[in-house]
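Novice: To start, I am sharing the structure in question, which I have written as structure tokens.
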Amino acid sequence: MRIGINTSFPHSSPEEWADILKENGCRAVSFPVDYTKPVSVIDAYVKAARERDIRIAEVGIWDSPFQPDVYKAAQVKNRSKEQLRLADYIQADCCVNVSGAFGEIWSGCYRENFGDDSYKKTVELVQWLCDEVKPTHTFYTLEPMQWMVPDTPEQYLQLLNDVNRKEFAVHMDVINFIKDPYSYTHMDELIRKSFSLLGPYIKSCHIKDCLLMPGTT
């Protein structure tokens, strides 16, 4: 397993960026530039990482294609497609986003995030991205969230089956499946179930923890 970081230290060149990562023991990383940058810049970052044996684990999107502003939603949909193209070009392990909130805050909790309609739109969007880009070196993935699709390991497995595209896989953030006192106190069982159901499809992971503080309500 390679441990890395999901942020970029301040740097002035791709070489300095990769040197800082290596000095800090990072052997995997999120790609620090997006598809709008010149190919020469993109290639320079890829070269710097490979020369130092740093694996490009993911290309991020981090926005919602389902927000109520139709113009902004279309922009995010196009950005998602181009970021997936970028991930395939640089042969990242995955391109990752959340499914997206149905409200003004891209990662927000809204009633509209739940239900058959939001699930159906998520399936259709993932299918569209996979069919448009047809990646051969990377996978499109969704980070699970407590208040949007997919919010349980079982729902993620169902989503994989319903999307039915070999280019769609799993970005595991198992802590994001914790959403109530039961799942918090039974975290070990949740972790085992998550990896048992989704293990063969996992392309990248976020590692973190959570703590329920005494006296919190």
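Chain identifiers are assigned as A, B, and so on, following the order in which chains appear in the structure tokens; residues are numbered from 1 within each chain, and ligands are numbered from 1 in order of appearance.
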Can you tell me, as a list in words, what residues are no more than 10 Å from range 39-42 of chain A when counting only C-alpha atoms, ignoring any on the same chain fewer than 5 positions away?

Specialist: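 Contacts, with the query itself left out: Ser13, Pro14, Phe31, Pro32, Val33, Asp34, Lys47, Leu86, Tyr89 and Ile90 of chain A.
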
Novice: For range 160-166 of chain A, work out the shell of residues within 9 Å, counting only C-alpha atoms and skipping chain neighbours fewer than 2 positions away, then give it as a list of chain:residue names.

Specialist: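 The contact residues come out as A:Thr122, A:Val123, A:Glu124, A:Val126, A:Gln127, A:Cys130, A:Asp131, A:Phe139, A:Gln155, A:Tyr156, A:Leu157, A:Gln158, A:Phe168, A:Ala169, A:Val170, A:Tyr201.
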
Novice: Write out the residues from the selection above, keeping C-alpha atoms, as a PDB file, in the first residue's frame.

Specialist:
ATOM      1  CA  THR A 122     -26.557   9.568 -10.565  1.00  0.00           C
ATOM      2  CA  VAL A 123     -26.678   6.320 -12.534  1.00  0.00           C
ATOM      3  CA  GLU A 124     -27.354   8.179 -15.789  1.00  0.00           C
ATOM      4  CA  VAL A 126     -21.950   8.027 -14.468  1.00  0.00           C
ATOM      5  CA  GLN A 127     -23.024   6.053 -17.523  1.00  0.00           C
ATOM      6  CA  CYS A 130     -18.002   6.499 -19.000  1.00  0.00           C
ATOM      7  CA  ASP A 131     -19.547   6.351 -22.472  1.00  0.00           C
ATOM      8  CA  PHE A 139     -11.685   4.648 -13.557  1.00  0.00           C
ATOM      9  CA  GLN A 155     -26.034   1.026  -2.086  1.00  0.00           C
ATOM     10  CA  TYR A 156     -22.563   1.426  -3.606  1.00  0.00           C
ATOM     11  CA  LEU A 157     -22.617  -2.212  -4.726  1.00  0.00           C
ATOM     12  CA  GLN A 158     -26.092  -1.714  -6.199  1.00  0.00           C
ATOM     13  CA  PHE A 168     -16.820   2.720 -13.007  1.00  0.00           C
ATOM     14  CA  ALA A 169     -15.254   1.630  -9.735  1.00  0.00           C
ATOM     15  CA  VAL A 170     -14.982   2.498  -6.035  1.00  0.00           C
ATOM     16  CA  TYR A 201     -13.633  -2.620  -7.129  1.00  0.00           C
TER      17      TYR A 201
END

Novice: Find, counting only C-alpha atoms, the residue in A:Met172, A:Ile3, A:Val149, A:Leu212 that gets nearest to Thr185 in chain A.

Specialist: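 For Thr185 in chain A, the nearest of the candidates is A:Leu212.
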
Novice: Mind the document's chain letters and residue numbers, and return as an MDAnalysis selection string the residues of range 78-210 of chain A that DSSP labels alpha helix (DSSP H).

Specialist: chainID A and resid 78:90 116:133 153:163 181:185 187:198

Novice: According to DSSP computed on the backbone, where in range 20-208 of chain A is there strand (DSSP E)? Give the residues as a list of chain:residue names.

Specialist: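 In range 20-208 of chain A, DSSP puts these residues in strand (DSSP E): A:Ala28, A:Val29, A:Ser30, A:Arg55, A:Ile56, A:Ala57, A:Glu58, A:Val59, A:Gly60, A:Cys94, A:Cys95, A:Val96, A:Asn97, A:Tyr140, A:Thr141, A:Leu142, A:Phe168, A:Ala169, A:Val170, A:His171, A:Met172, A:Ile202, A:Lys203, A:Ser204, A:Cys205.
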
Novice: Okay, now the selection with N, CA and C atoms, as a CSV table (one decimal), in the first residue's frame?

Specialist:
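Produced file out.csv, reproduced below:
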chain,number,residue,atom,x,y,z
A,28,ALA,N,2.1,8.4,-2.9
A,28,ALA,CA,0.9,8.6,-3.7
A,28,ALA,C,0.4,10.0,-3.6
A,29,VAL,N,-0.4,10.5,-4.5
A,29,VAL,CA,-0.7,11.9,-4.5
A,29,VAL,C,-2.0,12.2,-5.4
A,30,SER,N,-2.7,13.2,-5.0
A,30,SER,CA,-3.7,13.7,-5.9
A,30,SER,C,-3.0,14.7,-6.9
A,55,ARG,N,3.1,7.8,-7.1
A,55,ARG,CA,1.9,7.3,-7.9
A,55,ARG,C,0.8,8.4,-7.9
A,56,ILE,N,0.3,8.7,-9.0
A,56,ILE,CA,-0.8,9.6,-9.1
A,56,ILE,C,-2.1,8.8,-8.9
A,57,ALA,N,-2.6,9.0,-7.6
A,57,ALA,CA,-3.7,8.1,-7.2
A,57,ALA,C,-5.1,8.6,-7.7
A,58,GLU,N,-5.2,10.0,-7.8
A,58,GLU,CA,-6.5,10.5,-8.2
A,58,GLU,C,-6.4,11.8,-8.8
A,59,VAL,N,-7.4,12.1,-9.6
A,59,VAL,CA,-7.7,13.4,-10.2
A,59,VAL,C,-9.1,13.8,-9.6
A,60,GLY,N,-9.2,14.9,-9.0
A,60,GLY,CA,-10.4,15.3,-8.3
A,60,GLY,C,-11.3,16.2,-9.1
A,94,CYS,N,-7.6,6.8,-10.5
A,94,CYS,CA,-9.0,7.1,-10.6
A,94,CYS,C,-9.3,8.6,-10.8
A,95,CYS,N,-10.5,8.9,-11.2
A,95,CYS,CA,-11.0,10.3,-11.2
A,95,CYS,C,-12.1,10.2,-10.2
A,96,VAL,N,-12.1,11.1,-9.2
A,96,VAL,CA,-13.1,11.0,-8.1
A,96,VAL,C,-13.9,12.3,-7.9
A,97,ASN,N,-15.2,12.1,-7.6
A,97,ASN,CA,-16.1,13.2,-7.2
A,97,ASN,C,-17.0,12.6,-6.1
A,140,TYR,N,-13.7,6.0,-13.3
A,140,TYR,CA,-14.5,7.0,-12.6
A,140,TYR,C,-15.0,6.5,-11.3
A,141,THR,N,-14.9,7.2,-10.3
A,141,THR,CA,-15.3,6.7,-8.9
A,141,THR,C,-16.1,7.8,-8.2
A,142,LEU,N,-16.8,7.4,-7.2
A,142,LEU,CA,-17.6,8.3,-6.3
A,142,LEU,C,-17.1,8.1,-4.9
A,168,PHE,N,-16.3,2.2,-14.3
A,168,PHE,CA,-16.8,2.7,-13.0
A,168,PHE,C,-16.4,1.8,-11.9
A,169,ALA,N,-15.8,2.4,-10.8
A,169,ALA,CA,-15.3,1.6,-9.7
A,169,ALA,C,-15.5,2.4,-8.4
A,170,VAL,N,-14.7,2.0,-7.4
A,170,VAL,CA,-15.0,2.5,-6.0
A,170,VAL,C,-13.8,3.3,-5.5
A,171,HIS,N,-14.2,4.5,-5.0
A,171,HIS,CA,-13.2,5.3,-4.2
A,171,HIS,C,-13.7,5.1,-2.7
A,172,MET,N,-12.9,4.4,-1.9
A,172,MET,CA,-13.3,4.0,-0.6
A,172,MET,C,-12.9,5.1,0.4
A,202,ILE,N,-12.2,-1.4,-5.5
A,202,ILE,CA,-11.5,-0.3,-5.0
A,202,ILE,C,-10.3,0.1,-5.7
A,203,LYS,N,-10.2,1.4,-6.1
A,203,LYS,CA,-9.1,1.9,-6.8
A,203,LYS,C,-8.2,2.9,-6.0
A,204,SER,N,-8.8,3.5,-5.0
A,204,SER,CA,-8.1,4.5,-4.2
A,204,SER,C,-8.9,4.6,-2.9
A,205,CYS,N,-8.2,5.1,-1.8
A,205,CYS,CA,-8.9,5.2,-0.5
A,205,CYS,C,-8.5,6.5,0.1

Novice: Can you pull out every residue within 9 Å of Cys109 in chain A, counting only C-alpha atoms, but drop anything in the same chain fewer than 4 positions away, and send it as a list of chain:residue names?

Specialist: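 The filter keeps A:Ala101, A:Phe102, A:Gly103, A:Ile105, A:Asn113, A:Gln146, A:Trp147, A:Met148.
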
Novice: Looking at A:Asp209, A:Glu132, A:Asp188, A:Glu154, which one is nearest to Glu82 in chain A, with distances taken over only C-alpha atoms?

Specialist: A:Glu132

Novice: List as number ranges by chain the protein and nucleic acid residues near Pro144 in chain A, meaning an atom at most 6 Å away when only C-alpha atoms are counted, but skip any in the same chain fewer than 5 places from it.

Specialist: A: 150-151, 176

Novice: Any chance you could export the current selection's C-alpha atoms as a PDB file, in the first residue's frame?

Specialist:
ATOM      1  CA  PRO A 150     -23.999   6.190  -2.252  1.00  0.00           C
ATOM      2  CA  ASP A 151     -24.481   6.344   1.527  1.00  0.00           C
ATOM      3  CA  ASN A 176     -18.175   8.422   5.295  1.00  0.00           C
TER       4      ASN A 176
END

Novice: Which residues are close to Thr138 in chain A, i.e. within 8 Å by only C-alpha atoms, leaving aside same-chain residues fewer than 6 positions away? Reply as a VMD selection string.

Specialist: chain A and resid 87 to 88 91 to 95 167

Novice: Keeping only N, CA and C atoms, take the residues you just selected and write them out as a PDB file, in the first residue's frame.

Specialist:
ATOM      1  N   ALA A  87      -7.489  12.400 -16.229  1.00  0.00           N
ATOM      2  CA  ALA A  87      -7.073  11.248 -15.433  1.00  0.00           C
ATOM      3  C   ALA A  87      -6.632  10.093 -16.317  1.00  0.00           C
ATOM      4  N   ASP A  88      -7.350   9.892 -17.418  1.00  0.00           N
ATOM      5  CA  ASP A  88      -6.971   8.819 -18.336  1.00  0.00           C
ATOM      6  C   ASP A  88      -5.657   9.141 -19.043  1.00  0.00           C
ATOM      7  N   GLN A  91      -2.887   8.594 -16.709  1.00  0.00           N
ATOM      8  CA  GLN A  91      -2.972   7.238 -16.172  1.00  0.00           C
ATOM      9  C   GLN A  91      -3.046   7.242 -14.645  1.00  0.00           C
ATOM     10  N   ALA A  92      -3.869   8.131 -14.116  1.00  0.00           N
ATOM     11  CA  ALA A  92      -4.141   8.126 -12.679  1.00  0.00           C
ATOM     12  C   ALA A  92      -4.959   6.887 -12.321  1.00  0.00           C
ATOM     13  N   ASP A  93      -4.906   6.493 -11.062  1.00  0.00           N
ATOM     14  CA  ASP A  93      -5.689   5.331 -10.644  1.00  0.00           C
ATOM     15  C   ASP A  93      -7.179   5.583 -10.787  1.00  0.00           C
ATOM     16  N   CYS A  94      -7.614   6.806 -10.510  1.00  0.00           N
ATOM     17  CA  CYS A  94      -9.034   7.094 -10.633  1.00  0.00           C
ATOM     18  C   CYS A  94      -9.271   8.592 -10.774  1.00  0.00           C
ATOM     19  N   CYS A  95     -10.469   8.913 -11.231  1.00  0.00           N
ATOM     20  CA  CYS A  95     -10.991  10.271 -11.207  1.00  0.00           C
ATOM     21  C   CYS A  95     -12.149  10.242 -10.227  1.00  0.00           C
ATOM     22  N   GLU A 167     -15.732   0.853 -16.575  1.00  0.00           N
ATOM     23  CA  GLU A 167     -14.916   2.029 -16.257  1.00  0.00           C
ATOM     24  C   GLU A 167     -15.315   2.675 -14.928  1.00  0.00           C
TER      25      GLU A 167
END

Novice: Which is closest to Ala18 in chain A among A:Ala49, A:Met213, A:Ala74, A:Ile191, if we use only C-alpha atoms?

Specialist: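 Selected residue with least distance to Ala18 in chain A: A:Ala49.
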
Novice: Using only C-alpha atoms, pick whichever of A:Gly4, A:Pro38, A:Gly199, A:Pro10 has the shortest atom-to-atom distance to Cys26 in chain A.

Specialist: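 Closest to Cys26 in chain A of all the choices is A:Gly4.
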